[in-house]
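The file entry.cif contains mmCIF, C-alpha atoms:
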```
data_input
#
loop_
_atom_site.label_atom_id
_atom_site.label_comp_id
_atom_site.auth_asym_id
_atom_site.auth_seq_id
_atom_site.Cartn_x
_atom_site.Cartn_y
_atom_site.Cartn_z
CA MET A 27 14.80 19.10 19.93
CA ARG A 28 16.28 22.28 18.46
CA GLY A 29 15.82 25.80 19.80
CA VAL A 30 17.30 29.31 19.48
CA PHE A 31 18.88 31.07 22.46
CA GLN A 32 20.42 34.46 23.14
CA GLU A 33 23.71 34.40 25.05
CA VAL A 34 23.58 37.13 27.73
CA GLY A 35 26.71 38.45 29.47
CA HIS A 36 26.79 40.03 32.94
CA ASP A 37 27.49 43.41 31.33
CA GLY A 38 24.28 43.23 29.30
CA SER A 39 25.96 42.24 26.07
CA ALA A 40 23.88 39.90 23.95
CA ASP A 41 25.57 39.70 20.58
CA THR A 42 25.57 35.92 20.31
CA ILE A 43 22.48 34.12 19.02
CA VAL A 44 22.87 30.38 18.66
CA MET A 45 20.88 27.30 17.72
CA HIS A 46 21.08 24.57 20.37
CA GLU A 47 20.69 20.97 19.24
CA GLY A 48 19.60 18.00 21.33
CA LEU A 49 17.50 19.94 23.83
CA PRO A 50 15.36 17.82 26.15
CA MET A 51 11.63 17.81 25.54
CA PRO A 52 9.70 20.32 27.70
CA GLU A 53 8.53 19.06 31.09
CA LEU A 54 4.78 19.10 31.69
CA ASP A 55 3.10 20.04 34.97
CA GLU A 56 -0.57 19.80 35.90
CA ASN A 57 -1.50 23.31 34.69
CA SER A 58 0.60 23.41 31.52
CA VAL A 59 0.35 22.37 27.89
CA ILE A 60 3.05 21.26 25.47
CA ILE A 61 2.80 22.87 22.04
CA GLN A 62 4.34 21.71 18.80
CA VAL A 63 5.35 25.09 17.41
CA ARG A 64 4.36 25.71 13.80
CA ALA A 65 5.32 29.41 13.55
CA CYS A 66 7.10 32.00 15.69
CA GLY A 67 7.32 35.77 15.31
CA LEU A 68 10.98 36.76 15.48
CA SER A 69 11.95 39.41 18.00
CA LEU A 70 14.60 40.03 20.64
CA VAL A 71 14.09 41.33 24.18
CA ASP A 72 16.57 43.91 25.46
CA ALA A 73 19.37 42.09 27.30
CA ASN A 74 19.65 44.72 30.07
CA LEU A 75 15.96 44.30 30.80
CA LEU A 76 16.37 40.53 31.06
CA ILE A 77 19.30 40.92 33.45
CA GLU A 78 17.24 43.27 35.65
CA LEU A 79 14.21 40.98 35.54
CA PHE A 80 16.16 37.85 36.47
CA ARG A 81 18.69 39.47 38.80
CA LYS A 82 18.07 36.93 41.57
CA ASN A 83 18.37 34.00 39.20
CA PRO A 84 20.62 35.11 36.31
CA LEU A 85 20.76 32.94 33.21
CA SER A 86 23.69 32.79 30.80
CA ARG A 87 21.29 32.17 27.94
CA GLN A 88 17.78 33.37 27.29
CA PRO A 89 15.18 31.64 25.11
CA VAL A 90 14.36 33.49 21.89
CA GLY A 91 10.88 33.83 20.43
CA HIS A 92 7.71 34.51 22.40
CA GLU A 93 5.02 35.06 19.73
CA ILE A 94 3.97 31.52 18.85
CA SER A 95 1.29 29.43 17.21
CA GLY A 96 1.07 25.68 17.05
CA VAL A 97 -0.74 22.49 17.98
CA ILE A 98 -1.18 21.13 21.51
CA THR A 99 0.34 17.65 21.88
CA GLN A 100 0.02 17.13 25.67
CA ILE A 101 -2.02 18.69 28.48
CA GLY A 102 -1.64 18.67 32.25
CA SER A 103 -4.08 16.90 34.53
CA GLN A 104 -5.70 20.19 35.70
CA VAL A 105 -6.06 21.78 32.25
CA THR A 106 -9.74 22.27 31.40
CA SER A 107 -9.94 24.86 28.60
CA LEU A 108 -7.76 23.12 26.00
CA GLN A 109 -7.41 19.64 24.48
CA CYS A 110 -4.78 17.74 22.56
CA GLY A 111 -4.97 18.66 18.88
CA ASP A 112 -6.19 22.23 19.48
CA GLU A 113 -4.52 24.88 17.35
CA VAL A 114 -3.48 27.78 19.60
CA ALA A 115 -1.64 31.11 19.57
CA GLY A 116 -0.29 33.41 22.25
CA LEU A 117 2.76 34.81 24.02
CA LEU A 118 5.26 32.75 25.97
CA PRO A 119 6.20 34.41 29.27
CA LEU A 120 9.72 35.83 29.59
CA ASP A 121 10.54 33.35 32.36
CA SER A 122 9.80 30.39 30.10
CA PRO A 123 12.80 28.00 30.07
CA TYR A 124 12.05 26.99 26.48
CA PRO A 125 12.19 29.23 23.41
CA GLY A 126 9.24 29.78 21.14
CA CYS A 127 11.65 29.61 18.22
CA ALA A 128 11.94 25.85 18.66
CA GLU A 129 10.15 22.65 17.71
CA PHE A 130 8.25 22.34 21.03
CA CYS A 131 7.51 24.64 23.96
CA VAL A 132 5.52 24.57 27.21
CA CYS A 133 3.32 27.22 28.80
CA SER A 134 0.30 27.74 31.02
CA GLU A 135 -3.11 27.12 29.48
CA TYR A 136 -3.90 30.80 30.14
CA ASP A 137 -1.00 32.09 28.01
CA VAL A 138 -2.64 30.93 24.77
CA VAL A 139 -6.09 30.72 23.17
CA LYS A 140 -7.58 28.57 20.44
CA LYS A 141 -6.85 29.66 16.89
CA MET A 142 -9.52 29.29 14.23
CA ASN A 143 -8.61 26.88 11.42
CA SER A 144 -9.11 29.63 8.83
CA ILE A 145 -6.16 31.57 10.29
CA SER A 146 -2.74 30.35 9.17
CA PHE A 147 -0.09 29.63 11.78
CA GLU A 148 2.17 32.29 10.24
CA THR A 149 -0.55 34.95 10.38
CA ALA A 150 -1.38 34.17 14.02
CA ALA A 151 2.26 34.21 15.15
CA GLY A 152 3.02 37.36 13.17
CA ALA A 153 0.00 39.22 14.54
CA VAL A 154 -0.24 38.28 18.20
CA GLY A 155 2.74 40.22 19.61
CA ASN A 156 1.99 43.53 17.89
CA ALA A 157 -1.73 43.15 18.51
CA ILE A 158 -1.25 42.62 22.26
CA ARG A 159 0.98 45.70 22.37
CA ALA A 160 -1.46 47.82 20.38
CA TYR A 161 -4.51 46.59 22.32
CA SER A 162 -2.74 47.30 25.64
CA ALA A 163 -1.68 50.78 24.51
CA LEU A 164 -5.02 51.94 23.13
CA HIS A 165 -7.56 50.19 25.35
CA TYR A 166 -5.96 49.73 28.77
CA GLN A 167 -3.52 52.64 28.87
CA ALA A 168 -4.83 55.38 26.57
CA ARG A 169 -8.49 54.53 27.34
CA LEU A 170 -9.24 55.38 23.73
CA CYS A 171 -12.76 56.57 22.93
CA SER A 172 -14.51 57.21 19.63
CA GLY A 173 -13.62 60.68 18.42
CA ASP A 174 -10.21 60.79 20.12
CA SER A 175 -7.13 61.65 18.07
CA VAL A 176 -4.05 59.40 17.96
CA LEU A 177 -0.56 60.14 16.67
CA VAL A 178 1.35 56.95 15.71
CA ILE A 179 5.13 57.30 15.50
CA ASP A 180 6.59 55.09 12.72
CA GLY A 181 3.16 54.29 11.32
CA ALA A 182 4.61 52.19 8.48
CA SER A 183 6.17 49.67 10.88
CA SER A 184 4.37 46.40 11.58
CA PHE A 185 3.47 47.62 15.09
CA GLY A 186 2.40 51.05 13.85
CA ASN A 187 0.25 49.39 11.20
CA THR A 188 -1.56 47.37 13.89
CA VAL A 189 -2.10 50.47 16.07
CA ILE A 190 -3.57 52.33 13.09
CA GLN A 191 -6.00 49.51 12.27
CA LEU A 192 -7.29 49.14 15.84
CA ALA A 193 -7.54 52.89 16.46
CA GLN A 194 -9.56 53.40 13.27
CA GLN A 195 -11.90 50.51 14.13
CA TRP A 196 -12.56 52.13 17.50
CA GLY A 197 -13.48 55.44 15.87
CA ALA A 198 -10.33 57.45 16.44
CA LYS A 199 -8.84 60.11 14.19
CA VAL A 200 -5.37 58.83 13.29
CA LEU A 201 -2.23 60.72 12.33
CA ALA A 202 1.07 58.94 11.60
CA THR A 203 4.70 59.80 10.94
CA ALA A 204 6.84 58.51 8.08
CA SER A 205 10.63 58.60 7.77
CA ASN A 206 10.92 58.68 3.99
CA GLY A 207 8.93 58.93 0.77
CA GLN A 208 8.32 55.19 0.52
CA GLU A 209 6.79 55.05 3.99
CA ARG A 210 4.71 58.16 3.26
CA LYS A 211 3.36 56.58 0.07
CA TYR A 212 2.45 53.41 1.95
CA LEU A 213 0.60 55.35 4.67
CA GLU A 214 -1.19 57.60 2.17
CA ASP A 215 -2.56 54.49 0.44
CA THR A 216 -3.97 53.15 3.73
CA PHE A 217 -7.72 52.54 3.78
CA PRO A 218 -9.56 54.06 5.55
CA LYS A 219 -7.54 57.20 4.87
CA LEU A 220 -5.43 58.67 7.67
CA ALA A 221 -6.21 62.18 8.84
CA GLN A 222 -2.59 63.24 8.28
CA VAL A 223 0.70 61.64 7.23
CA VAL A 224 3.69 63.63 8.50
CA ASP A 225 6.94 62.99 6.62
CA ILE A 226 9.77 63.81 9.04
CA GLY A 227 12.45 62.47 6.72
CA GLU A 228 13.73 65.90 5.67
CA LYS A 229 12.91 68.14 8.65
CA ARG A 230 12.40 66.99 12.24
CA ASN A 231 10.44 70.05 13.33
CA VAL A 232 7.54 69.63 10.89
CA MET A 233 5.60 67.19 13.09
CA LEU A 234 4.46 69.63 15.76
CA ALA A 235 3.23 72.18 13.22
CA ALA A 236 1.36 69.51 11.25
CA VAL A 237 -0.30 68.07 14.37
CA LEU A 238 -1.43 71.46 15.65
CA GLU A 239 -2.75 72.43 12.22
CA GLU A 240 -4.73 69.18 11.90
CA THR A 241 -6.19 69.45 15.42
CA GLY A 242 -6.97 73.16 15.36
CA GLY A 243 -4.17 73.94 17.79
CA MET A 244 -5.53 71.56 20.44
CA GLY A 245 -3.06 68.66 20.09
CA VAL A 246 -3.71 64.91 20.02
CA ASP A 247 -5.27 62.86 22.81
CA CYS A 248 -2.74 60.06 22.51
CA VAL A 249 0.76 59.44 21.11
CA VAL A 250 2.00 55.87 20.63
CA ASP A 251 5.66 55.20 19.80
CA ASN A 252 7.41 51.95 18.93
CA GLY A 253 10.16 52.10 21.56
CA VAL A 254 12.96 53.59 19.47
CA LYS A 255 15.14 55.86 21.61
CA MET A 256 14.30 59.56 21.31
CA PHE A 257 16.35 62.59 22.23
CA ASN A 258 15.95 66.25 23.06
CA ASN A 259 16.84 69.01 20.61
CA ASN A 260 20.08 69.80 22.45
CA ASP A 261 21.13 66.14 22.35
CA LEU A 262 20.90 66.10 18.56
CA GLU A 263 23.68 68.70 18.36
CA ASP A 264 26.07 66.02 19.66
CA GLU A 265 27.73 64.16 16.77
CA ASN A 266 27.79 60.88 18.75
CA VAL A 267 24.05 61.12 19.35
CA ARG A 268 23.39 61.85 15.68
CA MET A 269 25.35 58.72 14.80
CA GLU A 270 23.12 56.71 17.19
CA VAL A 271 19.94 58.02 15.54
CA MET A 272 19.79 55.84 12.43
CA HIS A 273 16.58 57.32 11.06
CA PRO A 274 14.59 60.54 11.55
CA LEU A 275 12.52 60.71 14.72
CA PRO A 276 10.62 63.49 16.48
CA THR A 277 12.21 64.80 19.66
CA LYS A 278 10.70 64.21 23.08
CA HIS A 279 9.85 67.90 23.32
CA ASP A 280 7.91 67.78 20.04
CA ILE A 281 5.93 64.75 21.21
CA ILE A 282 5.06 66.37 24.54
CA SER A 283 4.14 69.64 22.81
CA SER A 284 1.83 67.68 20.48
CA LEU A 285 -0.28 66.37 23.37
CA ALA A 286 -3.65 67.88 24.14
CA MET A 287 -4.98 68.70 27.60
CA GLY A 288 -5.03 65.40 29.51
CA GLY A 289 -3.12 63.68 26.70
CA ARG A 290 -1.36 60.34 27.11
CA TRP A 291 2.03 59.37 25.72
CA ILE A 292 2.30 55.57 25.44
CA THR A 293 5.95 54.62 25.08
CA SER A 294 7.92 51.39 24.79
CA GLN A 295 11.20 53.19 25.56
CA SER A 296 12.25 51.65 28.88
CA ASP A 297 14.92 54.25 29.74
CA LEU A 298 12.90 57.36 28.93
CA GLN A 299 14.09 60.48 30.77
CA LEU A 300 12.35 63.86 30.72
CA ASP A 301 14.07 67.19 31.31
CA PRO A 302 12.46 69.49 33.92
CA PRO A 303 11.02 71.89 31.27
CA ASP A 304 9.31 68.98 29.51
CA SER A 305 7.99 67.66 32.82
CA GLN A 306 6.57 71.09 33.56
CA ILE A 307 4.73 71.11 30.20
CA MET A 308 3.29 67.67 31.03
CA TYR A 309 2.24 68.95 34.46
CA MET A 310 0.47 72.02 33.10
CA LYS A 311 -1.37 69.88 30.54
CA SER A 312 -2.32 67.25 33.15
CA ALA A 313 -0.77 64.85 30.67
CA SER A 314 0.75 61.48 31.49
CA VAL A 315 3.33 58.97 30.29
CA CYS A 316 2.48 55.25 30.26
CA PHE A 317 5.11 52.56 29.71
CA LEU A 318 4.12 49.79 27.35
CA PHE A 319 5.54 46.30 27.94
CA GLU A 320 3.35 43.56 26.50
CA HIS A 321 5.17 40.78 28.35
CA SER A 322 3.91 42.06 31.72
CA TRP A 323 0.58 40.30 31.01
CA CYS A 324 2.33 36.92 31.20
CA LEU A 325 4.38 37.77 34.31
CA SER A 326 1.40 38.14 36.63
CA SER A 327 -1.54 35.80 37.15
CA ALA A 328 -3.72 38.68 38.43
CA GLN A 329 -4.63 39.82 34.91
CA GLN A 330 -5.27 36.48 33.21
CA GLY A 331 -8.91 37.30 32.47
CA ARG A 332 -8.10 40.55 30.64
CA TYR A 333 -5.23 38.90 28.79
CA GLN A 334 -7.47 36.06 27.62
CA HIS A 335 -10.09 38.60 26.52
CA MET A 336 -7.50 40.39 24.37
CA LEU A 337 -6.22 37.18 22.79
CA LYS A 338 -9.72 35.96 21.93
CA ASP A 339 -10.72 39.32 20.45
CA ILE A 340 -7.53 39.38 18.36
CA MET A 341 -8.23 35.90 16.99
CA GLN A 342 -11.78 36.95 16.08
CA LYS A 343 -10.50 40.05 14.27
CA LEU A 344 -8.01 37.90 12.34
CA GLU A 345 -10.76 35.45 11.38
CA HIS A 346 -13.01 38.21 10.08
CA ASN A 347 -10.13 40.02 8.32
CA SER A 348 -10.74 43.17 10.35
CA LEU A 349 -7.09 42.93 11.46
CA ASN A 350 -4.48 42.31 8.78
CA PRO A 351 -0.92 41.96 10.12
CA MET A 352 1.95 43.25 8.03
CA ILE A 353 4.29 40.25 7.70
CA ASN A 354 7.27 41.03 5.47
CA ARG A 355 9.07 37.68 5.38
CA VAL A 356 8.63 34.05 6.34
CA VAL A 357 11.85 32.11 7.00
CA THR A 358 12.74 28.58 8.09
CA LEU A 359 13.96 27.58 11.55
CA ASP A 360 17.40 26.86 10.05
CA SER A 361 17.75 30.46 8.86
CA ALA A 362 16.23 32.04 12.00
CA VAL A 363 19.60 32.66 13.67
CA GLU A 364 21.01 34.72 10.78
CA THR A 365 17.70 36.56 10.43
CA LEU A 366 17.67 37.49 14.13
CA LYS A 367 21.18 38.94 13.84
CA GLN A 368 19.89 41.34 11.17
CA LEU A 369 16.72 42.48 12.96
CA ASP A 370 18.23 45.73 14.26
CA SER A 371 18.93 46.87 10.71
CA ARG A 372 15.40 45.91 9.58
CA ARG A 373 13.35 47.80 12.15
CA MET A 374 10.31 48.18 9.87
CA GLU A 375 9.96 44.47 9.09
CA LYS A 376 7.98 41.73 10.77
CA VAL A 377 9.57 38.32 10.18
CA VAL A 378 8.01 34.96 11.05
CA ALA A 379 9.83 31.63 11.29
CA ARG A 380 7.92 28.64 9.92
CA ILE A 381 8.76 25.53 11.94
#
```
Take the structure in this file and express it as structure tokens.
Amino acid sequence: MRGVFQEVGHDGSADTIVMHEGLPMPELDENSVIIQVRACGLSLVDANLLIELFRKNPLSRQPVGHEISGVITQIGSQVTSLQCGDEVAGLLPLDSPYPGCAEFCVCSEYDVVKKMNSISFETAAGAVGNAIRAYSALHYQARLCSGDSVLVIDGASSFGNTVIQLAQQWGAKVLATASNGQERKYLEDTFPKLAQVVDIGEKRNVMLAAVLEETGGMGVDCVVDNGVKMFNNNDLEDENVRMEVMHPLPTKHDIISSLAMGGRWITSQSDLQLDPPDSQIMYMKSASVCFLFEHSWCLSSAQQGRYQHMLKDIMQKLEHNSLNPMINRVVTLDSAVETLKQLDSRRMEKVVARI
């Protein structure tokens, strides 16, 4: 069996991505299923996070690929909800010893759900990761209600696109940021129409003014970002920081200032730090910051019911075309390694490996 792994050093370096040949077939236990992988959404998990998560049992290599779809070939003796031959989709947990970007993988029966035959394997694998993130952010963390307003940072990304679709279906007023004219054009052509598209490609400080104008000075109920590192205004005066910021982004202060009373900032930035003045603004607004990490659903058995509910609802939305994932490219397993090495420079793309 072949599979893709990420070599992780003790210092957090993870520059090497390799294809391993001759891997043993996954081992089956009584509560697990073996899946012949047909498609895998390509993504990389931060190496420092993996080192922290597996500090007691460090691994020199980490499996790559967690957003999978495929066909069940074997089931454990205690598995009751799935059968051999079922087409399924879901997320592999981070502690899985086998990569999703491989020919076979193994997982618990509660990590996947049945996929309808009308949904292609590529569509399911390309949608499930972003959809779990968006569903978690809007439903479980932001507690989004009809009539709420949502600001989506990087709305033209595959994740931002999913957030926009779900928020609009749940009756929210959606605003989104774009980094250039091409992204702005894409967002302006979105149907249903967005309440506001803010192009921050030329000036960073336009977002706050646009948000306050659109909301009558009240601010938005929820901000969702895609995890790209953000800085304060003072940080951006440092040339080294400006070199690190590869594309325009709002500052943390602008995001916090854009929040309404009781607003929620849902962030995927794991090392977020707030300066005391920004914390004071959050305090006076009774606002909150929630950290979004979709893999936490698969790291605890206490939330299996909610996780299964999300997966089933996502599959139903895909079947009825009420959720349309933005998949930019489909590649082969042989070219997955080179594609993964280029992911950082293609932040707006969603790539799926067909296996």
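Note that the spacing between atom CA of A:Thr358 and atom CA of A:Gly181 amounts to 27.6 Å.
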Practice problem: Tell me which of A:Ile43, A:Leu192, A:Leu164, A:Met233 sits closest to A:Asp247, counting all atoms listed in the file. | Solution: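 Result for the nearest residue to A:Asp247: A:Leu164.
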Practice problem: Identify which of the residues A:Ile60, A:Leu177, A:Ala202, A:Ile292 lies closest to A:Asp137, counting only C-alpha atoms when measuring atom-to-atom distances. | Solution: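 Of the candidates, the smallest distance to A:Asp137 is held by A:Ile60.
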Quiz item: What is the atom CA of A:Glu375 to atom CA of A:Leu70 distance in Å?
Solution: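 Taking atom CA of A:Glu375 as the start and atom CA of A:Leu70 as the end point, the length is 13.2 Å.
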Quiz item: What does the PyMOL selection byres ((chain A and resi 308-318) around 7) select in this file, as a ChimeraX atom specification?
Solution: /A:163,167,282,287-294,304-307,319-320
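This file, filtered with the PyMOL selection byres ((chain A and resi 62) around 8), gives the residues Ile60, Ile61, Val63, Arg64, Gly96, Val97, Ile98, Thr99, Glu129, Phe130 and Cys131 of chain A.
Distance-wise, atom CA of A:Asp180 and atom CA of A:Ala204 end up 5.8 Å apart.
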Quiz item: Given the file above and the PyMOL selection byres ((chain A and resi 30) around 6), which residues are selected, and can you give them as a PyMOL selection string?
Solution: chain A and resi 29+31+44-45+90+127
Restrict the selected residues to C-alpha atoms and save them as a PDB file, in the coordinates of the input.
```
ATOM      1  CA  GLY A  29      15.820  25.800  19.800  1.00  0.00           C
ATOM      2  CA  PHE A  31      18.880  31.070  22.460  1.00  0.00           C
ATOM      3  CA  VAL A  44      22.870  30.380  18.660  1.00  0.00           C
ATOM      4  CA  MET A  45      20.880  27.300  17.720  1.00  0.00           C
ATOM      5  CA  VAL A  90      14.360  33.490  21.890  1.00  0.00           C
ATOM      6  CA  CYS A 127      11.650  29.610  18.220  1.00  0.00           C
TER       7      CYS A 127
END
```
Quiz item: Which is closest to A:Glu240 among A:Val254, A:Leu213, A:Val200, A:Val377, if we use all atoms listed in the file?
Solution: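 Closest candidate: A:Val200.
Closest approach to A:Gln191 among A:Lys338, A:Arg210, A:Arg380, A:Lys343 is made by A:Lys343 (distances from all atoms listed in the file).
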Exercise. With a distance cut-off of 12 Å and all atoms listed in the file, select the neighbouring residues of A:Asn347, excluding the residue or stretch itself and same-chain residues fewer than 2 positions from it, and output the selection as a PyMOL selection string.
Key: chain A and resi 144-145+149-150+153+191+340-345+349-351
Quiz item: Which one of A:Ile94, A:Cys324, A:Val237, A:Leu275 sits closest to A:Leu120 if you count all atoms listed in the file?
Solution: A:Cys324
Quiz prompt | Contacts of A:Gln334 within 9 Å, all atoms listed in the file, excl. fewer than 2 positions in-chain, as JSON, numbers by chain | solution = {"A": [136, 137, 138, 139, 329, 330, 331, 332, 336, 337, 338, 339]}
Quiz item: Any idea what's packed within 7 Å of A:Gly67, counting only C-alpha atoms, ignoring anything in its chain fewer than 3 positions away? Could you give it as a list of chain:residue names?
Solution: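 Final neighbour list, sorted by chain and number: A:Gly91, A:Glu93, A:Ile94, A:Ala151, A:Gly152, A:Val377, A:Val378, A:Ala379.
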Quiz prompt | From A:Ser327, A:Ser284, A:Thr188, A:Asn206, residue lying nearest A:Ser348 [only C-alpha atoms] | solution =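 Among A:Ser327, A:Ser284, A:Thr188, A:Asn206, it is A:Thr188 that comes nearest to A:Ser348.
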